[in-house]
Structures are given as C-alpha cells and as structure tokens.
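Single-structure report; data block below.
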Amino acid sequence: MRRYLTSPVPCAEPPKMSPSQLPMPFPLQNTPALLSTPGSPRSLSQVLLPCLPTDCCRPGSACVGCTQRCVCICAVALLVLAAVAAVVGLAVTLGLPPRTPVNRFCVASNNQTGFLCDDRVTCVPASQVCNRIRNCRNGEDEQEKLCDDLPSSLPGYLVFRCSNPTYWIYADQRCNGMNDCGDCSDEMESLAACPPCGSEWWSCTPVLYEYCTCIPKRLCRDNIQHCASWSDEYICKP
C-alpha cells in the first residue's frame, strides 16, 4: 500500500521563467462558476485566502496559477471596498451631519429686508420671494422647500406677524405707510416700531382704510378729503 506524505511540504524556490512562461493570474470572472461547483469554496474569501504566502504549497489550492502579486492586489482591493461599504452604510444608518444653514439675510433698496441669492450679490426684496417669479439666477428664491408651506417655510426675518395671528405680511411691507395687516398693526403697533412719517408723507388721521397714520403728499390739495381734519386740503402742500 502506498503512503502519502502528510507533513507540510516546504516551499521551494520558484524557478526562473521568462515573461511568456509566467502563469496567468487567477480569472476573477470565473469566480461564480467556481463557487457553484460541488465541493468548491463557498465564499470569495475562501478562494483568495489559500493564495496567501503561508498556503503557497498547500495541495489542492483553489488558486493554482495565480501569482502572489495578483493575490495581494485582489485582497487589498476587497478590504478597501469592504471598508468603503461599511462607512457608507454607517453614514446612511446614522444620518449625515446636517449642513450649516446659509445666512441669506440682506438689506435691499430703501433699507428694506431682503433675501440674498447664491451669487452673494443679488438681494431680492422680501415681498418678491415665493412670488412665482425667479428673481435669483438659480431660482433659489422660488425653491419648493422655501415656498411649500408659507409662512412657516420662510426664514423668520422675511415675515412680520400682524396683531391678528391669522394674518402675516412680508417684512418689507412693515412701516411702508400702507395698511397691509388690515388693522394697522404693521404701522402703529409697538412691535412694528415704525419711524415718523417721512418727507413724502403727511401726518394725519386718514379717512381711508388704505392708510394708517400718514397719507402720501401727492394726495394733498386734490379737492378730495383724505384726512379727518381736512388738513390735506388746507395745510398740506404736495
């Protein structure tokens, strides 16, 4: 009866061969067929691990014909891919850190509150945000996340709340001389903190619902009563 040698076989010095005689690398495209063969390794790691230097002489190795350099490259590539997949999976599971919100507050013409575009130059007046007209070059003033639930979706600095909590106006409509809230809370209330009437306005008690504490001087002496005291017709000069 023949006896087979069971002790480990020492690794012999590889013979010198010309480039044309070098063994071809292990064909990774045949891996599925190899894994599905009865009695073959069940995972790719079981195919690659026998190719490590410590197993270079193990009888029946599954990577016959592969070079040590090829095996090392494959093993390192798999480890890198596994690490990347783990990082991506962890980021998806735990959620990526939130981005710092961009400060878009700016001062538009006539010293009114505005919305700063991505170019960091264009300042859109508050009342022109979410008006279905793209005032910013990239349309950021009309983005869905900004305009889908007015006024809750707007930054606080773009909104002024009237004394009636069911009503609101844009911040640049506060103290513009007009009764935008309907109860003059945007012109007279302490929260509005409006300055006195400007040089283009006449201070009086208006008879029209449109105004609150002042009327435009262009309405003076037009033969129509705008002030309760008629001062717009006898005193005011346009």
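Ordering of the structure tokens sets the chain letters (A, B, ...); residue numbers start at 1 within each chain; ligands are numbered from 1 in the order shown.
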
Apply DSSP to the backbone of this structure and, from segment 82-179 of chain A, keep only the residues in strand (DSSP E or B); write these as a PyMOL selection string.
-> chain A and resi 105-108+112-116+123-125+159-161+168-170+178

Which residues of segment 171-223 of chain A have any atom within 12 Å of an atom in segment 148-158 of chain A when counting only C-alpha atoms, and what is the closest pair of atoms for each, with the distance in Å to one decimal? Order the rows by chain and rising number and write it as JSON lines.
```
{"residue": "A:Ala171", "atom": "CA", "partner": "A:Leu158", "partner_atom": "CA", "distance": 5.0}
{"residue": "A:Asp172", "atom": "CA", "partner": "A:Leu158", "partner_atom": "CA", "distance": 7.7}
{"residue": "A:Gln173", "atom": "CA", "partner": "A:Leu158", "partner_atom": "CA", "distance": 9.9}
{"residue": "A:Arg174", "atom": "CA", "partner": "A:Leu158", "partner_atom": "CA", "distance": 10.6}
```

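As for atom CA of Ser199 of chain A and atom CA of Ser231 of chain A, they are spaced 16.1 Å apart.
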
Separating atom CA of Tyr211 of chain A from atom CA of Ala192 of chain A, to the nearest tenth of an Å, is a gap of 15.1 Å

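Considering only C-alpha atoms, the residue among A:Cys175, A:Cys220, A:Cys123, A:Cys117 positioned nearest to Glu142 of chain A is A:Cys117.
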